[in-house]
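Have a look at my_file_23.cif below; it lists mmCIF, C-alpha atoms.
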data_structure
loop_
_atom_site.group_PDB
_atom_site.id
_atom_site.type_symbol
_atom_site.label_atom_id
_atom_site.label_comp_id
_atom_site.auth_asym_id
_atom_site.auth_seq_id
_atom_site.Cartn_x
_atom_site.Cartn_y
_atom_site.Cartn_z
ATOM 1 C CA MET Q 635 5.386 -40.997 1.010
ATOM 2 C CA GLU Q 636 4.318 -37.677 2.559
ATOM 3 C CA GLU Q 637 0.888 -36.531 1.467
ATOM 4 C CA MET Q 638 0.825 -33.226 -0.439
ATOM 5 C CA GLU Q 639 -0.832 -30.172 1.063
ATOM 6 C CA VAL Q 640 -4.251 -29.389 -0.396
ATOM 7 C CA ILE Q 641 -4.998 -25.745 -1.252
ATOM 8 C CA ARG Q 642 -8.745 -25.174 -1.018
ATOM 9 C CA ILE Q 643 -10.226 -22.623 -3.415
ATOM 10 C CA LEU Q 644 -13.817 -21.379 -3.610
ATOM 11 C CA ALA Q 645 -14.807 -19.887 -6.985
ATOM 12 C CA ILE Q 646 -17.979 -17.755 -6.923
ATOM 13 C CA ASP Q 647 -19.507 -16.720 -10.244
ATOM 14 C CA ASP Q 648 -23.103 -16.920 -11.458
ATOM 15 C CA HIS Q 649 -21.914 -18.340 -14.772
ATOM 16 C CA GLU Q 650 -21.364 -22.002 -13.910
ATOM 17 C CA MET Q 651 -19.242 -22.662 -16.987
ATOM 18 C CA THR Q 652 -16.792 -20.029 -15.761
ATOM 19 C CA THR Q 653 -16.358 -21.641 -12.344
ATOM 20 C CA LEU Q 654 -16.104 -25.097 -13.917
ATOM 21 C CA GLY Q 655 -13.390 -23.725 -16.197
ATOM 22 C CA TYR Q 656 -11.389 -22.493 -13.191
ATOM 23 C CA LYS Q 657 -11.895 -25.871 -11.517
ATOM 24 C CA TYR Q 658 -10.848 -27.904 -14.561
ATOM 25 C CA ILE Q 659 -7.734 -25.813 -15.212
ATOM 26 C CA LEU Q 660 -6.501 -25.465 -11.627
ATOM 27 C CA GLU Q 661 -7.146 -29.037 -10.535
ATOM 28 C CA GLY Q 662 -5.324 -30.200 -13.666
ATOM 29 C CA GLN Q 663 -2.174 -28.204 -12.872
ATOM 30 C CA GLU Q 664 0.862 -29.849 -11.258
ATOM 31 C CA PHE Q 665 2.176 -27.498 -8.583
ATOM 32 C CA ASP Q 666 5.540 -28.110 -6.917
ATOM 33 C CA ASP Q 667 4.497 -28.659 -3.308
ATOM 34 C CA PHE Q 668 0.713 -28.716 -3.174
ATOM 35 C CA LYS Q 669 -2.381 -29.740 -5.089
ATOM 36 C CA VAL Q 670 -5.542 -27.725 -5.605
ATOM 37 C CA LYS Q 671 -9.163 -28.523 -4.790
ATOM 38 C CA VAL Q 672 -11.762 -26.099 -6.207
ATOM 39 C CA GLU Q 673 -15.338 -25.772 -4.958
ATOM 40 C CA ILE Q 674 -17.867 -23.623 -6.802
ATOM 41 C CA ALA Q 675 -20.822 -21.404 -5.927
ATOM 42 C CA THR Q 676 -23.115 -19.937 -8.556
ATOM 43 C CA SER Q 677 -24.976 -17.205 -6.654
ATOM 44 C CA PHE Q 678 -24.414 -14.576 -3.994
ATOM 45 C CA ASP Q 679 -26.408 -16.551 -1.416
ATOM 46 C CA MET Q 680 -24.590 -19.813 -2.095
ATOM 47 C CA GLY Q 681 -21.233 -18.076 -1.857
ATOM 48 C CA LYS Q 682 -22.229 -16.335 1.374
ATOM 49 C CA GLU Q 683 -23.286 -19.637 2.942
ATOM 50 C CA LYS Q 684 -20.004 -21.317 2.009
ATOM 51 C CA ILE Q 685 -17.916 -18.434 3.377
ATOM 52 C CA GLU Q 686 -19.882 -18.405 6.624
ATOM 53 C CA PHE Q 687 -19.509 -22.180 6.952
ATOM 54 C CA SER Q 688 -15.762 -21.965 6.300
ATOM 55 C CA ALA Q 689 -15.442 -19.558 9.231
ATOM 56 C CA ARG Q 690 -16.749 -22.327 11.505
ATOM 57 C CA ALA Q 691 -15.068 -25.275 9.823
ATOM 58 C CA LEU Q 692 -12.183 -25.757 7.388
ATOM 59 C CA LYS Q 693 -11.387 -22.384 5.802
ATOM 60 C CA TYR Q 694 -10.616 -21.786 2.157
ATOM 61 C CA ASP Q 695 -7.116 -20.684 1.209
ATOM 62 C CA ILE Q 696 -8.298 -18.534 -1.734
ATOM 63 C CA LEU Q 697 -11.613 -17.017 -2.767
ATOM 64 C CA LEU Q 698 -12.180 -16.184 -6.442
ATOM 65 C CA LEU Q 699 -14.955 -13.583 -6.661
ATOM 66 C CA ASP Q 700 -16.854 -12.207 -9.616
ATOM 67 C CA ILE Q 701 -18.192 -8.688 -8.995
ATOM 68 C CA GLN Q 702 -21.702 -8.985 -10.435
ATOM 69 C CA LEU Q 703 -23.683 -11.781 -8.804
ATOM 70 C CA PHE Q 704 -27.368 -12.634 -8.856
ATOM 71 C CA PRO Q 705 -28.910 -13.348 -5.440
ATOM 72 C CA SER Q 706 -31.023 -16.484 -5.150
ATOM 73 C CA HIS Q 707 -33.639 -15.443 -2.611
ATOM 74 C CA SER Q 708 -33.708 -11.654 -2.816
ATOM 75 C CA ASN Q 709 -34.347 -8.956 -5.381
ATOM 76 C CA GLU Q 710 -31.699 -6.707 -3.855
ATOM 77 C CA ILE Q 711 -28.505 -6.443 -5.860
ATOM 78 C CA ARG Q 712 -25.530 -7.722 -3.898
ATOM 79 C CA SER Q 713 -22.046 -8.098 -5.294
ATOM 80 C CA GLY Q 714 -18.800 -9.974 -5.050
ATOM 81 C CA GLU Q 715 -17.472 -6.862 -3.336
ATOM 82 C CA ASP Q 716 -19.933 -7.498 -0.489
ATOM 83 C CA LEU Q 717 -18.670 -11.079 -0.234
ATOM 84 C CA GLY Q 718 -15.098 -9.798 -0.142
ATOM 85 C CA ILE Q 719 -15.977 -7.493 2.759
ATOM 86 C CA LEU Q 720 -17.669 -10.416 4.548
ATOM 87 C CA ALA Q 721 -14.642 -12.653 3.990
ATOM 88 C CA ARG Q 722 -12.273 -10.037 5.406
ATOM 89 C CA LYS Q 723 -14.428 -10.012 8.553
ATOM 90 C CA LEU Q 724 -15.038 -13.751 8.982
ATOM 91 C CA VAL Q 725 -11.927 -15.376 7.446
ATOM 92 C CA PRO Q 726 -9.226 -12.679 7.387
ATOM 93 C CA ASP Q 727 -6.445 -15.152 6.538
ATOM 94 C CA THR Q 728 -8.156 -16.276 3.324
ATOM 95 C CA LYS Q 729 -6.755 -14.677 0.176
ATOM 96 C CA VAL Q 730 -9.324 -12.745 -1.863
ATOM 97 C CA VAL Q 731 -8.969 -12.425 -5.647
ATOM 98 C CA PHE Q 732 -11.474 -10.692 -7.943
ATOM 99 C CA MET Q 733 -12.076 -12.209 -11.387
ATOM 100 C CA SER Q 734 -14.015 -9.592 -13.306
ATOM 101 C CA SER Q 735 -14.771 -8.173 -16.730
ATOM 102 C CA PHE Q 736 -14.507 -4.684 -15.226
ATOM 103 C CA SER Q 737 -11.214 -2.835 -15.616
ATOM 104 C CA ASP Q 738 -12.631 0.623 -14.890
ATOM 105 C CA ASN Q 739 -10.340 2.475 -12.480
ATOM 106 C CA LEU Q 740 -13.262 3.873 -10.467
ATOM 107 C CA ARG Q 741 -14.693 0.383 -9.846
ATOM 108 C CA ILE Q 742 -11.295 -1.008 -8.935
ATOM 109 C CA ASN Q 743 -10.658 1.973 -6.662
ATOM 110 C CA SER Q 744 -13.874 1.197 -4.780
ATOM 111 C CA ILE Q 745 -12.920 -2.461 -4.332
ATOM 112 C CA PHE Q 746 -9.413 -1.686 -3.157
ATOM 113 C CA LYS Q 747 -10.711 0.726 -0.543
ATOM 114 C CA SER Q 748 -13.383 -1.656 0.764
ATOM 115 C CA VAL Q 749 -11.647 -5.055 0.482
ATOM 116 C CA ASP Q 750 -7.935 -4.508 -0.331
ATOM 117 C CA PRO Q 751 -7.833 -7.779 -2.315
ATOM 118 C CA ASP Q 752 -4.817 -10.022 -2.828
ATOM 119 C CA GLY Q 753 -5.369 -10.056 -6.562
ATOM 120 C CA TYR Q 754 -7.481 -8.771 -9.445
ATOM 121 C CA MET Q 755 -7.773 -10.501 -12.801
ATOM 122 C CA VAL Q 756 -9.559 -9.097 -15.847
ATOM 123 C CA LYS Q 757 -11.480 -12.045 -17.318
ATOM 124 C CA SER Q 758 -10.430 -11.417 -20.914
ATOM 125 C CA GLU Q 759 -6.808 -11.905 -19.797
ATOM 126 C CA ILE Q 760 -7.316 -15.146 -17.883
ATOM 127 C CA ASP Q 761 -5.713 -18.310 -19.242
ATOM 128 C CA GLU Q 762 -4.048 -21.425 -17.821
ATOM 129 C CA LYS Q 763 -0.721 -19.687 -17.284
ATOM 130 C CA SER Q 764 -2.160 -16.642 -15.501
ATOM 131 C CA LEU Q 765 -4.397 -18.806 -13.275
ATOM 132 C CA ARG Q 766 -1.435 -20.889 -12.185
ATOM 133 C CA MET Q 767 0.691 -17.807 -11.585
ATOM 134 C CA MET Q 768 -2.104 -16.151 -9.605
ATOM 135 C CA VAL Q 769 -2.378 -19.091 -7.213
ATOM 136 C CA GLU Q 770 1.375 -19.323 -6.668
ATOM 137 C CA THR Q 771 1.712 -15.561 -6.191
ATOM 138 C CA VAL Q 772 -1.163 -14.906 -3.780
ATOM 139 C CA LEU Q 773 -0.150 -17.837 -1.590
ATOM 140 C CA LYS Q 774 3.483 -16.759 -1.280
ATOM 141 C CA LYS Q 775 3.864 -13.082 -2.155
ATOM 142 C CA PRO Q 776 0.631 -11.248 -3.040
ATOM 143 C CA PRO Q 777 -0.753 -9.287 -4.794
ATOM 144 C CA TYR Q 778 -1.274 -10.572 -8.328
ATOM 145 C CA TYR Q 779 -2.751 -8.442 -11.150
ATOM 146 C CA THR Q 780 -3.281 -9.155 -14.817
ATOM 147 C CA ALA Q 781 -2.031 -6.456 -17.210
ATOM 148 C CA GLY Q 782 -5.418 -4.731 -17.555
ATOM 149 C CA ALA Q 783 -5.936 -4.642 -13.813
ATOM 150 C CA PHE Q 784 -2.435 -3.277 -13.281
ATOM 151 C CA ALA Q 785 -3.022 -0.546 -15.869
ATOM 152 C CA ALA Q 786 -6.251 0.425 -14.110
ATOM 153 C CA MET Q 787 -4.381 0.466 -10.800
ATOM 154 C CA ARG Q 788 -1.951 2.982 -12.260
ATOM 155 C CA ARG Q 789 -4.914 5.146 -13.256
ATOM 156 C CA ARG Q 790 -6.467 4.924 -9.818
ATOM 157 C CA MET Q 791 -7.953 8.129 -8.577
ATOM 158 C CA THR Q 792 -5.704 10.152 -6.314
ATOM 159 C CA ASN Q 793 -8.604 11.595 -4.303
ATOM 160 C CA ASP Q 794 -10.807 9.812 -1.775
ATOM 161 C CA LEU Q 795 -13.985 9.813 -3.841
ATOM 162 C CA VAL Q 796 -15.658 6.421 -3.747
ATOM 163 C CA VAL Q 797 -19.096 4.995 -4.380
ATOM 164 C CA ASP Q 798 -20.215 3.939 -0.907
ATOM 165 C CA ASP Q 799 -23.025 1.675 0.264
ATOM 166 C CA LEU Q 800 -25.588 4.503 0.377
ATOM 167 C CA ASP Q 801 -24.714 5.469 -3.204
ATOM 168 C CA LYS Q 802 -25.131 1.852 -4.306
ATOM 169 C CA LYS Q 803 -28.570 1.670 -2.705
ATOM 170 C CA ILE Q 804 -29.615 4.865 -4.492
ATOM 171 C CA LEU Q 805 -28.348 3.477 -7.798
ATOM 172 C CA TYR Q 806 -30.189 0.217 -7.201
ATOM 173 C CA TYR Q 807 -33.523 1.900 -6.503
ATOM 174 C CA LEU Q 808 -33.073 4.176 -9.522
ATOM 175 C CA SER Q 809 -32.344 1.106 -11.656
ATOM 176 C CA ILE Q 810 -35.708 -0.464 -10.761
ATOM 177 C CA GLY Q 811 -37.575 2.766 -11.503
ATOM 178 C CA THR Q 812 -38.077 4.143 -7.983
ATOM 179 C CA ARG Q 813 -38.669 7.911 -7.896
ATOM 180 C CA THR Q 814 -36.209 10.066 -5.968
ATOM 181 C CA LYS Q 815 -38.799 11.157 -3.393
ATOM 182 C CA ASP Q 816 -39.672 7.488 -2.758
ATOM 183 C CA ILE Q 817 -36.018 6.446 -2.389
ATOM 184 C CA ALA Q 818 -35.414 8.732 0.610
ATOM 185 C CA PRO Q 819 -37.543 6.806 3.163
ATOM 186 C CA LYS Q 820 -36.199 3.469 1.920
ATOM 187 C CA ILE Q 821 -32.645 4.498 2.856
ATOM 188 C CA SER Q 822 -33.599 6.597 5.916
ATOM 189 C CA SER Q 823 -32.424 9.844 4.310
ATOM 190 C CA ALA Q 824 -33.906 13.145 3.199
ATOM 191 C CA THR Q 825 -34.885 13.747 -0.426
ATOM 192 C CA THR Q 826 -32.294 16.564 -0.539
ATOM 193 C CA THR Q 827 -29.618 14.022 0.448
ATOM 194 C CA VAL Q 828 -30.640 11.704 -2.396
ATOM 195 C CA GLU Q 829 -30.564 14.609 -4.871
ATOM 196 C CA SER Q 830 -27.127 15.676 -3.615
ATOM 197 C CA ARG Q 831 -25.776 12.146 -3.895
ATOM 198 C CA LYS Q 832 -27.119 11.856 -7.434
ATOM 199 C CA ARG Q 833 -25.319 15.074 -8.427
ATOM 200 C CA GLN Q 834 -22.078 13.802 -6.884
ATOM 201 C CA LEU Q 835 -22.392 10.486 -8.729
ATOM 202 C CA LYS Q 836 -23.037 12.198 -12.048
ATOM 203 C CA SER Q 837 -19.957 14.344 -11.500
ATOM 204 C CA LEU Q 838 -17.897 11.303 -10.506
ATOM 205 C CA PHE Q 839 -19.038 9.415 -13.624
ATOM 206 C CA GLY Q 840 -18.427 12.426 -15.869
ATOM 207 C CA ILE Q 841 -22.064 12.903 -16.886
ATOM 208 C CA GLU Q 842 -22.928 16.131 -15.042
ATOM 209 C CA SER Q 843 -25.705 17.036 -17.502
ATOM 210 C CA GLY Q 844 -27.159 13.520 -17.667
ATOM 211 C CA ASN Q 845 -30.545 12.405 -16.327
ATOM 212 C CA ASP Q 846 -31.325 9.482 -14.014
ATOM 213 C CA ILE Q 847 -31.419 7.032 -16.933
ATOM 214 C CA SER Q 848 -27.933 8.125 -18.004
ATOM 215 C CA LEU Q 849 -26.736 7.747 -14.412
ATOM 216 C CA VAL Q 850 -28.078 4.190 -14.192
ATOM 217 C CA GLU Q 851 -26.569 3.261 -17.590
ATOM 218 C CA GLU Q 852 -23.147 4.602 -16.614
ATOM 219 C CA ALA Q 853 -23.272 2.901 -13.205
ATOM 220 C CA ARG Q 854 -24.133 -0.375 -14.912
ATOM 221 C CA LYS Q 855 -21.252 -0.014 -17.379
ATOM 222 C CA LYS Q 856 -18.863 0.519 -14.487
ATOM 223 C CA GLY Q 857 -20.194 -2.492 -12.568
ATOM 224 C CA PHE Q 858 -21.851 -0.719 -9.643
ATOM 225 C CA ILE Q 859 -25.302 -2.204 -10.384
#
What does the file become when written as structure tokens?
Amino acid sequence: MEEMEVIRILAIDDHEMTTLGYKYILEGQEFDDFKVKVEIATSFDMGKEKIEFSARALKYDILLLDIQLFPSHSNEIRSGEDLGILARKLVPDTKVVFMSSFSDNLRINSIFKSVDPDGYMVKSEIDEKSLRMMVETVLKKPPYYTAGAFAAMRRRMTNDLVVDDLDKKILYYLSIGTRTKDIAPKISSATTTVESRKRQLKSLFGIESGNDISLVEEARKKGFI
């Protein structure tokens, strides 16, 4: 009897029960011509190590990435988006799927510009049927979106405005209470640049008259910090 192909999936989410749920459901499914093996990682650093190792050894077929991840050995906020960018560089043949609570079109727009994922699932819409369909779809004919993700895709911004890495650093430092004049040297920029970026972000988030606290709150709601 010919042995079935094994599809290797790495699920990265800092809520272990979530990754164990994916593992339990997917490994319990009976697919037509393959079986699934799910590994889990519960932090940014653990996920990064596994992706880097897979580039040297046996690669994963699919990565399931949450957007907000807590690093293990650093205070700097890093995200599933960063892991998606890393995966595209190190293991370009691996399918990348985001599993997130965020369905904001601005956040999705940022991810699609930086990673161009093979799928995006809004967590509140995930069940056994959608997980199975996601795996079958991204392996054979990606992309796969849940309804909420697809609706956000249709609302995607038509311009090229995105929140880039410099913006994210500014938002991070603001979120930990760093003053604008002290942020500039940390990101090798002028104070006027930081002020300009803050104005652009407030405009992008629709809070032109808001202060730094409002900016941080809105960025957190949208999943940028």
Need the neighbours of (3.3, -20.2, -7.8): which residues are at most 12 Å away, counting only C-alpha atoms, as a PyMOL selection string?
chain Q and resi 641+660+663-670+763-776+778
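Residue nearest Phe746 of chain Q within the list Q:Met787, Q:Leu717, Q:Ala675, Q:Leu849: Q:Met787 [criterion: smallest interatomic distance, all atoms listed in the file].
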Lys802 of chain Q: which residues within 10 Å, counting all atoms listed in the file, same-chain residues fewer than 6 positions away excluded, as a list in words?
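My list of contacting residues is Ile711, Arg712, Leu808, Ala853, Phe858 and Ile859 of chain Q.
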For a quick check of understanding, using all atoms listed in the file, which of Q:Met733, Q:Ala785, Q:Leu720, Q:Ile701 has the smallest distance to Arg854 of chain Q?
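Among Q:Met733, Q:Ala785, Q:Leu720, Q:Ile701, it is Q:Ile701 that comes nearest to Arg854 of chain Q.
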Which residue is closest to Thr728 of chain Q? Choose from Q:Arg788, Q:Lys671, Q:Lys693, Q:Lys836 and count all atoms listed in the file.
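Residue with the minimum atom-to-atom distance to Thr728 of chain Q: Q:Lys693.
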Please expand the PyMOL selection byres ((chain Q and resi 816-831) around 8) into the concrete residues it hits in this file, giving the result as a tab-separated table (two decimals) with C-alpha atoms, keeping the file's coordinate frame.
chain	number	residue	atom	x	y	z
Q	800	LEU	CA	-25.59	4.50	0.38
Q	801	ASP	CA	-24.71	5.47	-3.20
Q	803	LYS	CA	-28.57	1.67	-2.70
Q	804	ILE	CA	-29.62	4.86	-4.49
Q	807	TYR	CA	-33.52	1.90	-6.50
Q	812	THR	CA	-38.08	4.14	-7.98
Q	813	ARG	CA	-38.67	7.91	-7.90
Q	814	THR	CA	-36.21	10.07	-5.97
Q	815	LYS	CA	-38.80	11.16	-3.39
Q	832	LYS	CA	-27.12	11.86	-7.43
Q	833	ARG	CA	-25.32	15.07	-8.43
Q	834	GLN	CA	-22.08	13.80	-6.88
Q	835	LEU	CA	-22.39	10.49	-8.73
Given all atoms listed in the file as the counted atoms, nearest of Q:Met651, Q:Met680, Q:Met755, Q:Ala645 to Tyr694 of chain Q
Q:Ala645
Which is closest to Gly681 of chain Q among Q:Leu703, Q:Ala786, Q:Leu740, Q:Val725, if we use only C-alpha atoms?
Q:Leu703
Centre, edges in Å (one decimal): axis-aligned box, segment 642-661 of chain Q, 3 Å padding on all six sides, as AutoDock Vina command-line options:
--center_x -14.8 --center_y -22.9 --center_z -9.0 --size_x 22.6 --size_y 18.3 --size_z 22.0
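Comparing the minimum interatomic distances between Val731 of chain Q and each of Q:Lys757, Q:His649, Q:Lys856, Q:Lys684, counting all atoms listed in the file, we find that Q:Lys757 sits nearest.
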Expanded to explicit residues, what is the PyMOL selection byres ((chain Q and resi 700) around 12) for this file, as JSON, numbers by chain?
{"Q": [644, 645, 646, 647, 648, 649, 650, 652, 653, 674, 675, 676, 677, 678, 681, 697, 698, 699, 701, 702, 703, 704, 712, 713, 714, 715, 716, 717, 718, 730, 731, 732, 733, 734, 735, 736, 745, 754, 755, 756, 757, 857]}
What does the distance from atom CA of Glu852 of chain Q to atom CA of Asn739 of chain Q come to in Å, to one decimal?
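Spanning atom CA of Glu852 of chain Q to atom CA of Asn739 of chain Q is a straight-line distance of 13.6 Å.
Separating atom CA of Val640 of chain Q from atom CA of Leu724 of chain Q is a distance of 21.2 Å.
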To one decimal place in Å, what is the distance between atom CA of Ser748 of chain Q and atom CA of Asp798 of chain Q?
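Atom CA of Ser748 of chain Q sits 9.0 Å away from atom CA of Asp798 of chain Q.
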Using the incomplete input, complete segment 819-832 of chain Q to the level of N, CA and C atoms; output as a CSV table (one decimal), keeping the file's coordinate frame.
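The file below, out14.csv, is the result:
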chain,number,residue,atom,x,y,z
Q,819,PRO,N,-37.1,7.6,2.0
Q,819,PRO,CA,-37.5,6.8,3.2
Q,819,PRO,C,-37.0,5.4,3.2
Q,820,LYS,N,-36.7,4.8,2.0
Q,820,LYS,CA,-36.2,3.5,1.9
Q,820,LYS,C,-34.8,3.4,2.4
Q,821,ILE,N,-34.0,4.5,2.4
Q,821,ILE,CA,-32.6,4.5,2.9
Q,821,ILE,C,-32.5,5.4,4.1
Q,822,SER,N,-33.6,5.8,4.7
Q,822,SER,CA,-33.6,6.6,5.9
Q,822,SER,C,-32.8,7.9,5.7
Q,823,SER,N,-33.1,8.6,4.6
Q,823,SER,CA,-32.4,9.8,4.3
Q,823,SER,C,-33.5,10.8,3.8
Q,824,ALA,N,-33.0,12.1,3.7
Q,824,ALA,CA,-33.9,13.1,3.2
Q,824,ALA,C,-33.8,13.1,1.7
Q,825,THR,N,-34.9,13.6,1.0
Q,825,THR,CA,-34.9,13.7,-0.4
Q,825,THR,C,-33.7,14.6,-0.9
Q,826,THR,N,-33.4,15.7,-0.2
Q,826,THR,CA,-32.3,16.6,-0.5
Q,826,THR,C,-31.0,15.8,-0.5
Q,827,THR,N,-30.8,14.8,0.4
Q,827,THR,CA,-29.6,14.0,0.4
Q,827,THR,C,-29.5,13.2,-0.8
Q,828,VAL,N,-30.6,12.5,-1.2
Q,828,VAL,CA,-30.6,11.7,-2.4
Q,828,VAL,C,-30.3,12.5,-3.6
Q,829,GLU,N,-30.9,13.7,-3.7
Q,829,GLU,CA,-30.6,14.6,-4.9
Q,829,GLU,C,-29.1,15.0,-4.9
Q,830,SER,N,-28.5,15.3,-3.7
Q,830,SER,CA,-27.1,15.7,-3.6
Q,830,SER,C,-26.2,14.5,-4.0
Q,831,ARG,N,-26.6,13.3,-3.6
Q,831,ARG,CA,-25.8,12.1,-3.9
Q,831,ARG,C,-25.8,11.9,-5.4
Q,832,LYS,N,-27.0,12.1,-6.0
Q,832,LYS,CA,-27.1,11.9,-7.4
Q,832,LYS,C,-26.2,12.8,-8.2
